[in-house]
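Peer 1: Just so it is clear, I am handing over target38.cif, which has mmCIF, C-alpha atoms and all ligand atoms.
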data_target
#
loop_
_atom_site.label_atom_id
_atom_site.label_comp_id
_atom_site.auth_asym_id
_atom_site.auth_seq_id
_atom_site.Cartn_x
_atom_site.Cartn_y
_atom_site.Cartn_z
CA MET B 1186 -13.92 -20.89 7.15
CA PRO B 1187 -12.89 -17.27 7.71
CA VAL B 1188 -14.68 -14.60 5.70
CA THR B 1189 -12.29 -13.23 3.07
CA SER B 1190 -12.85 -9.60 3.97
CA ASP B 1191 -12.10 -10.15 7.69
CA ILE B 1192 -8.42 -10.68 7.16
CA PHE B 1193 -8.34 -7.57 4.98
CA TYR B 1194 -10.62 -4.86 6.44
CA SER B 1195 -10.28 -5.69 10.13
CA LYS B 1196 -6.53 -5.16 9.85
CA GLY B 1197 -6.93 -1.75 8.26
CA TYR B 1198 -6.24 -2.55 4.64
CA GLY B 1199 -8.22 -0.98 1.82
CA GLN B 1200 -8.08 2.57 3.12
CA VAL B 1201 -5.39 4.56 1.35
CA ALA B 1202 -4.12 3.10 -1.91
CA PRO B 1203 -3.07 -0.25 -3.40
CA TRP B 1204 0.61 0.53 -2.96
CA VAL B 1205 0.16 1.19 0.78
CA ASP B 1206 -1.61 -2.16 1.21
CA LEU B 1207 1.12 -3.97 -0.68
CA ALA B 1208 3.81 -2.30 1.46
CA ASN B 1209 1.86 -3.32 4.58
CA SER B 1210 1.18 -6.86 3.36
CA GLU B 1211 4.28 -7.80 5.27
CA GLU B 1212 2.73 -7.11 8.65
CA TRP B 1213 4.65 -6.79 11.91
CA ASP B 1214 2.42 -7.27 14.91
CA GLY B 1215 3.98 -4.53 17.03
CA PHE B 1216 6.18 -6.94 18.95
CA GLY B 1217 8.32 -7.91 15.98
CA LYS B 1218 6.38 -10.95 14.74
CA LEU B 1219 5.95 -11.03 10.96
CA THR B 1220 3.00 -12.24 8.85
CA ASP B 1221 3.28 -12.25 5.08
CA HIS B 1222 -0.27 -11.79 3.79
CA LEU B 1223 0.86 -11.94 0.19
CA VAL B 1224 1.20 -15.72 0.41
CA ASN B 1225 -2.35 -16.01 1.81
CA PRO B 1226 -4.80 -16.54 -1.09
CA LEU B 1227 -7.67 -15.10 1.00
CA TRP B 1228 -5.86 -11.84 1.66
CA LEU B 1229 -4.70 -11.61 -1.94
CA ALA B 1230 -8.23 -12.18 -3.24
CA ALA B 1231 -9.62 -9.46 -0.96
CA PHE B 1232 -6.85 -7.06 -1.99
CA LEU B 1233 -7.47 -7.59 -5.71
CA LYS B 1234 -11.23 -7.33 -5.28
CA HIS B 1235 -11.16 -4.18 -3.17
CA TRP B 1236 -8.93 -2.26 -5.57
CA LYS B 1237 -10.56 -3.78 -8.69
CA LEU B 1238 -7.23 -5.24 -9.75
CA ARG B 1239 -8.27 -8.74 -10.68
CA PRO B 1240 -6.53 -9.63 -13.92
CA VAL B 1241 -8.87 -10.94 -16.64
CA PRO B 1242 -9.03 -13.55 -17.94
CA ARG B 1243 -7.48 -15.04 -14.81
CA PRO B 1244 -3.77 -15.50 -15.44
CA SER B 1245 -1.64 -16.50 -12.47
CA ILE B 1246 -0.94 -13.70 -9.98
CA PRO B 1247 2.75 -12.68 -10.11
CA VAL B 1248 3.41 -13.12 -6.39
CA ARG B 1249 7.18 -13.12 -6.76
CA GLU B 1250 7.12 -9.83 -8.69
CA LEU B 1251 4.66 -8.37 -6.18
CA LYS B 1252 7.15 -9.19 -3.42
CA ARG B 1253 9.89 -7.43 -5.33
CA LEU B 1254 7.68 -4.40 -5.86
CA ARG B 1255 6.78 -4.48 -2.18
CA ILE B 1256 10.43 -4.02 -1.17
CA LEU B 1257 10.56 -0.96 -3.40
CA LEU B 1258 7.31 0.50 -2.04
CA ARG B 1259 8.27 -0.13 1.58
CA SER B 1260 11.57 1.62 1.01
CA ALA B 1261 9.75 4.53 -0.68
CA ALA B 1262 7.40 4.88 2.29
CA GLU B 1263 10.30 4.89 4.76
CA ARG B 1264 12.05 7.56 2.72
CA PHE B 1265 8.98 9.78 2.43
CA ALA B 1266 8.32 9.39 6.15
CA ALA B 1267 11.88 10.58 6.80
CA GLY B 1268 11.40 13.56 4.47
CA ARG B 1269 13.72 12.15 1.85
CA ARG B 1270 13.39 11.72 -1.89
CA LEU B 1271 13.30 8.63 -4.05
CA PRO B 1272 16.69 7.64 -5.46
CA HIS B 1273 16.94 7.54 -9.25
CA ALA B 1274 17.51 3.77 -9.26
CA ASP B 1275 14.20 3.21 -7.45
CA LEU B 1276 12.41 5.61 -9.77
CA ALA B 1277 13.80 3.68 -12.75
CA LYS B 1278 12.46 0.42 -11.27
CA LEU B 1279 9.02 1.96 -10.73
CA ASN B 1280 9.02 3.25 -14.29
CA ALA B 1281 9.90 -0.24 -15.51
CA ALA B 1282 6.86 -1.58 -13.62
CA LEU B 1283 4.64 1.04 -15.27
CA ASN B 1284 5.76 0.04 -18.72
CA VAL B 1285 2.80 -1.97 -20.02
CA PRO B 1286 1.22 -1.59 -23.47
CA ALA B 1287 -1.89 0.58 -23.54
CA ARG B 1288 -3.91 2.57 -26.05
CA GLN B 1289 -6.09 5.67 -25.95
CA GLN B 1290 -9.78 4.93 -26.03
CA PHE B 1291 -12.97 6.92 -25.63
CA VAL B 1292 -14.88 5.83 -22.55
CA GLU B 1293 -18.46 6.97 -21.93
CA ASN B 1294 -19.59 8.21 -18.51
CA GLN B 1295 -22.40 10.47 -17.17
CA ASN B 1296 -20.65 13.60 -18.42
CA GLY B 1297 -20.10 12.30 -21.93
CA PHE B 1298 -16.95 10.85 -23.33
CA ARG B 1299 -13.46 10.90 -21.98
CA ALA B 1300 -10.24 9.70 -23.57
CA GLU B 1301 -8.61 7.14 -21.33
CA LEU B 1302 -5.47 5.09 -21.49
CA VAL B 1303 -6.71 1.50 -21.59
CA PRO B 1304 -4.35 -1.47 -21.14
CA LEU B 1305 -4.10 -3.91 -24.03
CA LYS B 1306 -4.13 -6.78 -21.55
CA ARG B 1307 -5.33 -6.85 -17.95
CA ASP B 1308 -2.73 -9.41 -16.99
CA GLY B 1309 -0.21 -9.84 -14.17
CA ARG B 1310 2.06 -7.10 -15.53
CA TRP B 1311 -0.88 -4.71 -15.68
CA LEU B 1312 -1.61 -5.52 -12.03
CA LEU B 1313 1.96 -4.59 -11.04
CA ALA B 1314 1.72 -1.41 -13.11
CA ARG B 1315 -1.53 -0.37 -11.41
CA VAL B 1316 -0.07 -0.84 -7.93
CA ALA B 1317 3.07 1.12 -8.85
CA ALA B 1318 0.96 3.83 -10.52
CA SER B 1319 -1.09 4.27 -7.34
CA LEU B 1320 2.07 5.59 -5.67
CA GLY B 1321 2.68 8.01 -8.53
CA GLU B 1322 -0.92 9.24 -8.35
CA MET B 1323 -0.46 10.06 -4.69
CA LEU B 1324 2.77 11.94 -5.33
CA THR B 1325 1.13 14.18 -7.89
CA ASN B 1326 -1.51 15.03 -5.29
CA GLY B 1327 1.27 16.62 -3.24
CA VAL B 1328 0.40 14.59 -0.17
CA VAL B 1329 3.77 12.90 0.13
CA ARG B 1330 4.45 14.57 3.49
CA ARG B 1331 1.46 12.77 4.96
CA ILE B 1332 2.92 9.35 4.22
CA LYS B 1333 4.31 7.97 7.47
CA THR B 1334 5.44 4.76 9.06
CA CYS B 1335 4.40 3.84 12.61
CA ALA B 1336 6.93 5.05 15.21
CA ASN B 1337 6.78 1.64 16.91
CA SER B 1338 9.87 -0.09 15.53
CA GLY B 1339 8.12 -3.45 15.99
CA CYS B 1340 5.31 -2.33 13.69
CA ARG B 1341 6.35 0.15 10.93
CA TRP B 1342 2.83 0.13 9.42
CA VAL B 1343 2.60 2.59 6.52
CA PHE B 1344 -0.24 5.07 7.01
CA PHE B 1345 -1.62 8.33 5.72
CA ASP B 1346 -1.65 11.11 8.30
CA LYS B 1347 -4.92 13.03 7.92
CA THR B 1348 -4.40 15.28 10.94
CA LYS B 1349 -4.21 18.97 10.12
CA ALA B 1350 -0.80 19.54 11.68
CA ARG B 1351 0.55 16.16 10.50
CA THR B 1352 1.30 15.09 14.06
CA LYS B 1353 0.19 11.45 13.98
CA ARG B 1354 3.04 9.13 14.99
CA TRP B 1355 1.46 5.73 15.41
CA CYS B 1356 -0.68 3.59 13.14
CA ASN B 1357 -3.11 3.25 16.02
CA ASP B 1358 -3.19 5.27 19.24
CA ARG B 1359 -4.78 2.47 21.23
CA THR B 1360 -2.24 -0.19 20.35
CA CYS B 1361 1.15 1.15 19.27
CA GLY B 1362 0.64 4.62 20.80
CA ASN B 1363 -0.47 3.16 24.10
CA ARG B 1364 2.47 0.77 24.18
CA ALA B 1365 4.86 3.71 23.79
CA ARG B 1366 3.12 5.64 26.60
CA VAL B 1367 3.32 2.65 28.94
CA ARG B 1368 6.99 2.22 28.13
CA ARG B 1369 7.67 5.90 28.85
CA ALA B 1370 5.79 5.73 32.14
CA ARG B 1371 7.76 2.68 33.23
CA ALA B 1372 11.05 4.34 32.30
CA ALA B 1373 10.04 7.41 34.33
CA GLN B 1374 9.31 5.27 37.39
CA ARG B 1375 12.71 3.70 37.36
ZN ZN B 1401 1.93 0.60 14.71
#
Take the structure in the file and write it out as structure tokens.

Peer 2:
Amino acid sequence: MPVTSDIFYSKGYGQVAPWVDLANSEEWDGFGKLTDHLVNPLWLAAFLKHWKLRPVPRPSIPVRELKRLRILLRSAAERFAAGRRLPHADLAKLNAALNVPARQQFVENQNGFRAELVPLKRDGRWLLARVAASLGEMLTNGVVRRIKTCANSGCRWVFFDKTKARTKRWCNDRTCGNRARVRRARAAQR
């Protein structure tokens, strides 16, 4: 039996934010072949565990709603990568996902107490809200210009460009980047 984390970490999930992983859960292999990890219980379990998103007590995971949210997040990533803004309709849908009941509560940590917004229920809706919120948290960090999608049209992996000059074009230089170089070299020979 495969180890749960293999299918998750070896593919590069768990690095940026929950919303990036959900957008990438529809994975193109670089040659145009698609794998939907969202329908794989092992991947889903690793995703929820890594981001501490497991609903309690265990209600069913809203896979259909996650797929709908994924379309929205993928589209957002493509827009940001192209230097465009989110349309109002998409923003309204994200806000609808965030709309779960919560209350203020004092939470104790090493530095004392802190008022936190705590969900009334950690259910499937809360899970969707947390994934959507992870996009919002990134936007407030002002790092939106570092959100990119792989330049290989057979891949389109969403990634976070950490290079100083924001020059990264491919999800991985050895796979997608190398493929592009080989293609260029062949074209030059012709
Ligand atoms: Zn790629």

Peer 1: Taking all atoms listed in the file into account, which residues have an atom no farther than 7 Å from ligand ZN 1401 (chain B)? I'd like them as a list in words.

Peer 2: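 Those residues are Gly1215, Cys1335, Ala1336, Asn1337, Cys1340, Arg1341, Trp1342, Trp1355, Cys1356, Asn1357 and Cys1361 of chain B.
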
Peer 1: Counting all atoms listed in the file, which residues of stretch 1205-1242 of chain B sit at most 10 Å from some atom of stretch 1309-1315 of chain B, and what is each one's closest atom pair with its distance in Å to one decimal, listed by chain and rising residue number, as JSON lines?

Peer 2:
{"residue": "B:Leu1233", "atom": "CA", "partner": "B:Leu1312", "partner_atom": "CA", "distance": 8.9}
{"residue": "B:Trp1236", "atom": "CA", "partner": "B:Arg1315", "partner_atom": "CA", "distance": 9.6}
{"residue": "B:Lys1237", "atom": "CA", "partner": "B:Leu1312", "partner_atom": "CA", "distance": 9.7}
{"residue": "B:Leu1238", "atom": "CA", "partner": "B:Leu1312", "partner_atom": "CA", "distance": 6.1}
{"residue": "B:Arg1239", "atom": "CA", "partner": "B:Leu1312", "partner_atom": "CA", "distance": 7.5}
{"residue": "B:Pro1240", "atom": "CA", "partner": "B:Gly1309", "partner_atom": "CA", "distance": 6.3}
{"residue": "B:Val1241", "atom": "CA", "partner": "B:Gly1309", "partner_atom": "CA", "distance": 9.1}

Peer 1: Kindly extract all protein, DNA and RNA residues lying within 10 Å of the coordinates (0.7, 13.8, 1.5) given in the file, considering all atoms listed in the file, and supply them as a PyMOL selection string.

Peer 2: chain B and resi 1265-1266+1323-1333+1345-1347+1351

Peer 1: Please, could you write that set of residues out with C-alpha atoms as a PDB file, keeping the file's coordinate frame?

Peer 2:
ATOM      1  CA  PHE B1265       8.980   9.780   2.430  1.00  0.00           C
ATOM      2  CA  ALA B1266       8.320   9.390   6.150  1.00  0.00           C
ATOM      3  CA  MET B1323      -0.460  10.060  -4.690  1.00  0.00           C
ATOM      4  CA  LEU B1324       2.770  11.940  -5.330  1.00  0.00           C
ATOM      5  CA  THR B1325       1.130  14.180  -7.890  1.00  0.00           C
ATOM      6  CA  ASN B1326      -1.510  15.030  -5.290  1.00  0.00           C
ATOM      7  CA  GLY B1327       1.270  16.620  -3.240  1.00  0.00           C
ATOM      8  CA  VAL B1328       0.400  14.590  -0.170  1.00  0.00           C
ATOM      9  CA  VAL B1329       3.770  12.900   0.130  1.00  0.00           C
ATOM     10  CA  ARG B1330       4.450  14.570   3.490  1.00  0.00           C
ATOM     11  CA  ARG B1331       1.460  12.770   4.960  1.00  0.00           C
ATOM     12  CA  ILE B1332       2.920   9.350   4.220  1.00  0.00           C
ATOM     13  CA  LYS B1333       4.310   7.970   7.470  1.00  0.00           C
ATOM     14  CA  PHE B1345      -1.620   8.330   5.720  1.00  0.00           C
ATOM     15  CA  ASP B1346      -1.650  11.110   8.300  1.00  0.00           C
ATOM     16  CA  LYS B1347      -4.920  13.030   7.920  1.00  0.00           C
ATOM     17  CA  ARG B1351       0.550  16.160  10.500  1.00  0.00           C
TER      18      ARG B1351
END

Peer 1: Counting all atoms listed in the file, what are the residues of stretch 1188-1233 of chain B within 12 Å of stretch 1243-1257 of chain B, and for each of them which pair of atoms is the nearest and at what distance in Å, to one decimal? Sort the table by chain and rising number, as a Markdown table.

Peer 2:
| residue | atom | partner | partner_atom | distance |
| --- | --- | --- | --- | --- |
| B:Pro1203 | CA | B:Arg1255 | CA | 10.8 |
| B:Trp1204 | CA | B:Arg1255 | CA | 8.0 |
| B:Val1205 | CA | B:Arg1255 | CA | 9.2 |
| B:Asp1206 | CA | B:Arg1255 | CA | 9.3 |
| B:Leu1207 | CA | B:Arg1255 | CA | 5.9 |
| B:Ala1208 | CA | B:Arg1255 | CA | 5.2 |
| B:Asn1209 | CA | B:Arg1255 | CA | 8.4 |
| B:Ser1210 | CA | B:Arg1255 | CA | 8.2 |
| B:Glu1211 | CA | B:Arg1255 | CA | 8.5 |
| B:Glu1212 | CA | B:Arg1255 | CA | 11.9 |
| B:Asp1221 | CA | B:Lys1252 | CA | 9.8 |
| B:His1222 | CA | B:Lys1252 | CA | 10.7 |
| B:Leu1223 | CA | B:Val1248 | CA | 7.2 |
| B:Val1224 | CA | B:Val1248 | CA | 7.6 |
| B:Asn1225 | CA | B:Val1248 | CA | 10.4 |
| B:Pro1226 | CA | B:Ile1246 | CA | 10.1 |
| B:Leu1229 | CA | B:Ile1246 | CA | 9.1 |
| B:Ala1230 | CA | B:Ile1246 | CA | 10.0 |
| B:Phe1232 | CA | B:Ile1246 | CA | 12.0 |
| B:Leu1233 | CA | B:Ile1246 | CA | 9.9 |

Peer 1: Please, what is the axis-aligned box for every listed atom of stretch 1270-1284 of chain B with 3 Å on each side, as centre and edge lengths in Å to one decimal, as AutoDock Vina command-line options?

Peer 2:
--center_x 11.1 --center_y 5.1 --center_z -10.3 --size_x 18.9 --size_y 19.3 --size_z 22.8

Peer 1: Do you have the atom CA of B:Arg1270-atom CA of B:Leu1320 distance handy?

Peer 2: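 Separating atom CA of B:Arg1270 from atom CA of B:Leu1320 is a distance of 13.4 Å.
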
Peer 1: Mind giving me the straight-line distance from atom CA of B:Leu1258 to atom CA of B:Leu1302 in Å, one decimal?

Peer 2: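 Distance reported for this atom pair: 23.7 Å.
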
Peer 1: Could you pull the residues within 9 Å of B:Leu1279, counting all atoms listed in the file, minus those fewer than 2 positions along the same chain, as a short mmCIF file (atom, residue, chain, number, x, y, z; two decimals) with C-alpha atoms, in the coordinates of the input?

Peer 2:
data_model
loop_
_atom_site.label_atom_id
_atom_site.label_comp_id
_atom_site.auth_asym_id
_atom_site.auth_seq_id
_atom_site.Cartn_x
_atom_site.Cartn_y
_atom_site.Cartn_z
CA LEU B 1254 7.68 -4.40 -5.86
CA LEU B 1257 10.56 -0.96 -3.40
CA LEU B 1258 7.31 0.50 -2.04
CA ALA B 1274 17.51 3.77 -9.26
CA ASP B 1275 14.20 3.21 -7.45
CA LEU B 1276 12.41 5.61 -9.77
CA ALA B 1277 13.80 3.68 -12.75
CA ALA B 1281 9.90 -0.24 -15.51
CA ALA B 1282 6.86 -1.58 -13.62
CA LEU B 1283 4.64 1.04 -15.27
CA ASN B 1284 5.76 0.04 -18.72
CA ALA B 1314 1.72 -1.41 -13.11
CA ALA B 1317 3.07 1.12 -8.85
CA ALA B 1318 0.96 3.83 -10.52
#

Peer 1: With a distance cut-off of 12 Å and only C-alpha atoms, select the neighbouring residues of B:Ala1300, excluding the residue or stretch itself and same-chain residues fewer than 3 positions from it, and output the selection as a ChimeraX atom specification.

Peer 2: /B:1288-1294,1297,1303
